[in-house]
Amino acid sequence: MGSPALESVKDRIRAVFGSWSEDTSVEQMRREWEDLFAASGVSANSERIQAGGVDAEWVTAPGARSDRVLLYFHGGGYALGSVKSHWELIARLSAATGCRALGLDYRLSPENPFPAPVEDACAAYRWLLGQGIEPGHIALAGDSAGGGLTAAALVSLRDGGTPLPAAAAMMSPWVDLEATGESYDTRAEVDPMVHRPLVLGMAQTYLGGKGSPRDPLAAPLYADLAGLPPLLIHVGDHETLLDDSTRFAEKARRAGVDVTLHVWEEMVHVFQLFAADLPEAR
């Protein structure tokens, strides 16, 4: 049993995710996702823009530097979520890092399956370079599917010969579309949000019924990770995606990447979204 605040967060998550079934439409899931996560307990300026042809939003905390940028990719299984649902998290990151954050509303499936999000992520990063922001003054970050997208974008940019950013941060990254990690079984009873059937369904939707679940740009667990910049990975001990993080971190280390992995005791999937409730998230 966790703290009262953590148990309250879990109850709110179960009320939404526990009501979904195979018959729940994507539109309904998107609405309920926004209602669950959209909040604002911090102060920041916002400006909607187009970043390389992709919808995006500058989120700038008071005092943040304009010559340092955090490019953020939201989670949601590549089908849900937006800058709106993750606005508070992005604003808190801007305040914590002291730099501007650019939240990306990349295209979602099923309307725009793989590789559309990867294309959008790379286009936005290259747009930043075109705005005169130095690669060493940019970091990428994302949660869940956005964490996987962070890794995929790094691999794609490296393979395309684009100068890489200074670093990247991944929160509970989803890097295995086949849900093969043992934690899907060992953490099933304590994770209120993510379970294997949901993950496999979202993977099928993301791939559009055509792509391979082991394509390295769809499932970066299978990518060559050599040459990537330093990585920070945070994951909860009470989430089924735990092994996605631990296996990815180990593979990156074997490839010579500087990796910092922090496993948070009792925390659930992307607990950072609940910073207003959980001191660990702050």
# chains A, B, ... in the order shown; residues from 1 in each chain; ligands from 1
$ residues_around --residues "range 47-51 of chain A" --least-positions-apart "6" --cutoff "6 Å" --atoms "only C-alpha atoms" --output "PyMOL selection string"
chain A and resi 57-58+124+127
$ write_last_selection --atoms "N, CA and C atoms" --output "mmCIF file, in the first residue's frame"
data_model
loop_
_atom_site.group_PDB
_atom_site.id
_atom_site.type_symbol
_atom_site.label_atom_id
_atom_site.label_comp_id
_atom_site.auth_asym_id
_atom_site.auth_seq_id
_atom_site.Cartn_x
_atom_site.Cartn_y
_atom_site.Cartn_z
ATOM 1 N N GLU A 57 3.993 23.860 -29.589
ATOM 2 C CA GLU A 57 3.727 24.955 -28.667
ATOM 3 C C GLU A 57 4.966 25.237 -27.826
ATOM 4 N N TRP A 58 5.384 26.503 -27.865
ATOM 5 C CA TRP A 58 6.420 26.936 -26.934
ATOM 6 C C TRP A 58 5.804 27.053 -25.548
ATOM 7 N N ALA A 124 10.812 18.555 -36.536
ATOM 8 C CA ALA A 124 10.815 19.616 -35.529
ATOM 9 C C ALA A 124 12.231 19.887 -35.027
ATOM 10 N N TRP A 127 14.067 21.741 -37.620
ATOM 11 C CA TRP A 127 13.569 23.115 -37.646
ATOM 12 C C TRP A 127 14.269 23.950 -36.584
#
$ select_by_dssp --residues "range 141-280 of chain A" --states "strand (DSSP E or B)" --output "number ranges by chain"
A: 141-143, 167-171, 231-236, 259-264
$ write_last_selection --atoms "C-alpha atoms" --output "PDB file, in the first residue's frame"
ATOM      1  CA  ALA A 141      12.561  14.276 -23.752  1.00  0.00           C
ATOM      2  CA  GLY A 142       9.369  12.258 -23.697  1.00  0.00           C
ATOM      3  CA  ASP A 143       7.198   9.889 -21.700  1.00  0.00           C
ATOM      4  CA  ALA A 167      21.235  14.707 -24.180  1.00  0.00           C
ATOM      5  CA  ALA A 168      17.854  13.033 -23.879  1.00  0.00           C
ATOM      6  CA  ALA A 169      15.494  12.107 -21.033  1.00  0.00           C
ATOM      7  CA  MET A 170      12.983   9.253 -21.187  1.00  0.00           C
ATOM      8  CA  MET A 171      10.196   8.698 -18.649  1.00  0.00           C
ATOM      9  CA  LEU A 231      20.448   9.341 -21.635  1.00  0.00           C
ATOM     10  CA  LEU A 232      18.454   9.809 -18.429  1.00  0.00           C
ATOM     11  CA  ILE A 233      15.750   7.179 -17.859  1.00  0.00           C
ATOM     12  CA  HIS A 234      13.163   7.305 -15.059  1.00  0.00           C
ATOM     13  CA  VAL A 235      10.668   4.487 -14.485  1.00  0.00           C
ATOM     14  CA  GLY A 236       8.401   3.312 -11.671  1.00  0.00           C
ATOM     15  CA  VAL A 259      23.048   6.061 -19.275  1.00  0.00           C
ATOM     16  CA  THR A 260      21.566   7.078 -15.924  1.00  0.00           C
ATOM     17  CA  LEU A 261      18.660   4.835 -14.882  1.00  0.00           C
ATOM     18  CA  HIS A 262      16.504   5.677 -11.857  1.00  0.00           C
ATOM     19  CA  VAL A 263      13.848   3.164 -10.754  1.00  0.00           C
ATOM     20  CA  TRP A 264      11.336   4.845  -8.420  1.00  0.00           C
TER      21      TRP A 264
END
$ atom_distance --atom1 "CA of Arg14 in chain A" --atom2 "CA of Leu241 in chain A"
16.8 Å
$ residues_around --residues "Leu221 in chain A" --least-positions-apart "5" --cutoff "7 Å" --atoms "only C-alpha atoms" --output "MDAnalysis selection string"
chainID A and resid 175:176 216 248
$ select_by_dssp --residues "range 81-174 of chain A" --states "helix (DSSP H, G or I)" --output "JSON list (two decimals) with C-alpha atoms, in the first residue's frame"
[["chain", "number", "residue", "atom", "x", "y", "z"],
["A", 87, "TRP", "CA", 1.16, 21.05, -20.57],
["A", 88, "GLU", "CA", 1.76, 21.14, -16.83],
["A", 89, "LEU", "CA", 4.53, 18.53, -17.05],
["A", 90, "ILE", "CA", 6.18, 20.43, -19.90],
["A", 91, "ALA", "CA", 5.91, 23.71, -17.97],
["A", 92, "ARG", "CA", 7.44, 22.12, -14.87],
["A", 93, "LEU", "CA", 10.31, 20.80, -16.99],
["A", 94, "SER", "CA", 10.89, 24.26, -18.42],
["A", 95, "ALA", "CA", 11.08, 25.67, -14.90],
["A", 96, "ALA", "CA", 13.34, 22.85, -13.66],
["A", 97, "THR", "CA", 15.78, 23.09, -16.57],
["A", 116, "ALA", "CA", 4.55, 9.64, -39.10],
["A", 117, "PRO", "CA", 5.49, 10.48, -35.47],
["A", 118, "VAL", "CA", 9.17, 9.77, -36.13],
["A", 119, "GLU", "CA", 9.08, 11.96, -39.24],
["A", 120, "ASP", "CA", 7.44, 14.77, -37.26],
["A", 121, "ALA", "CA", 9.91, 14.51, -34.38],
["A", 122, "CYS", "CA", 12.90, 14.73, -36.72],
["A", 123, "ALA", "CA", 11.32, 17.57, -38.70],
["A", 124, "ALA", "CA", 10.81, 19.62, -35.53],
["A", 125, "TYR", "CA", 14.39, 19.02, -34.38],
["A", 126, "ARG", "CA", 15.80, 20.03, -37.75],
["A", 127, "TRP", "CA", 13.57, 23.12, -37.65],
["A", 128, "LEU", "CA", 15.18, 24.09, -34.34],
["A", 129, "LEU", "CA", 18.60, 23.76, -35.94],
["A", 130, "GLY", "CA", 17.36, 25.95, -38.79],
["A", 135, "PRO", "CA", 22.66, 20.99, -31.26],
["A", 136, "GLY", "CA", 24.55, 21.19, -27.97],
["A", 137, "HIS", "CA", 21.89, 23.55, -26.64],
["A", 145, "ALA", "CA", 5.32, 6.39, -26.34],
["A", 146, "GLY", "CA", 7.00, 9.80, -26.33],
["A", 147, "GLY", "CA", 9.96, 8.17, -24.60],
["A", 148, "GLY", "CA", 10.13, 5.59, -27.34],
["A", 149, "LEU", "CA", 9.80, 8.38, -29.89],
["A", 150, "THR", "CA", 12.72, 10.17, -28.23],
["A", 151, "ALA", "CA", 14.91, 7.11, -28.82],
["A", 152, "ALA", "CA", 13.60, 6.57, -32.35],
["A", 153, "ALA", "CA", 14.23, 10.20, -33.28],
["A", 154, "LEU", "CA", 17.81, 9.98, -32.02],
["A", 155, "VAL", "CA", 18.44, 6.84, -34.07],
["A", 156, "SER", "CA", 16.85, 8.33, -37.19],
["A", 157, "LEU", "CA", 18.75, 11.62, -36.85],
["A", 158, "ARG", "CA", 22.03, 9.77, -36.31],
["A", 159, "ASP", "CA", 21.46, 7.57, -39.33]]
$ atom_distance --atom1 "CA of Glu178 in chain A" --atom2 "CA of Ala38 in chain A"
28.9 Å
$ closest_residue --among "A:Phe271, A:Tyr72, A:Trp20, A:Tyr222" --to "Arg100 in chain A" --atoms "only C-alpha atoms"
A:Tyr72
$ residues_around --residues "range 203-213 of chain A" --least-positions-apart "3" --cutoff "10 Å" --atoms "only C-alpha atoms" --output "list in words"
Gly77, Tyr78, Ala79, Leu108, Ser109, Pro110, Glu111, Asn112, Pro113, Phe114, Pro115, Ala116, Pro117, Asp176, Leu177, Glu178, Ala179, Pro197, Leu198, Val199, Leu200, Pro216, Leu217, Ala218, Ala219 and Tyr222 of chain A
$ closest_residue --among "A:Glu239, A:Ser245, A:Leu278, A:Leu228" --to "Asp258 in chain A" --atoms "only C-alpha atoms"
A:Leu228
$ residues_around --residues "Val83 in chain A" --least-positions-apart "4" --cutoff "8 Å" --atoms "only C-alpha atoms" --output "CSV table (one decimal) with N, CA and C atoms, in the first residue's frame"
chain,number,residue,atom,x,y,z
A,56,ALA,N,3.0,22.7,-32.9
A,56,ALA,CA,3.8,22.6,-31.7
A,56,ALA,C,3.4,23.9,-30.8
A,57,GLU,N,4.0,23.9,-29.6
A,57,GLU,CA,3.7,25.0,-28.7
A,57,GLU,C,5.0,25.2,-27.8
A,74,HIS,N,5.0,14.0,-26.1
A,74,HIS,CA,4.1,13.4,-25.1
A,74,HIS,C,3.8,12.0,-25.3
A,87,TRP,N,0.7,19.7,-20.7
A,87,TRP,CA,1.2,21.0,-20.6
A,87,TRP,C,1.8,21.3,-19.2
A,103,GLY,N,6.8,21.7,-27.0
A,103,GLY,CA,5.9,20.5,-27.0
A,103,GLY,C,5.4,20.3,-28.4
A,104,LEU,N,5.5,19.0,-28.8
A,104,LEU,CA,5.2,18.7,-30.2
A,104,LEU,C,3.9,17.9,-30.3
A,105,ASP,N,2.9,18.4,-31.0
A,105,ASP,CA,1.7,17.7,-31.3
A,105,ASP,C,1.9,16.9,-32.6
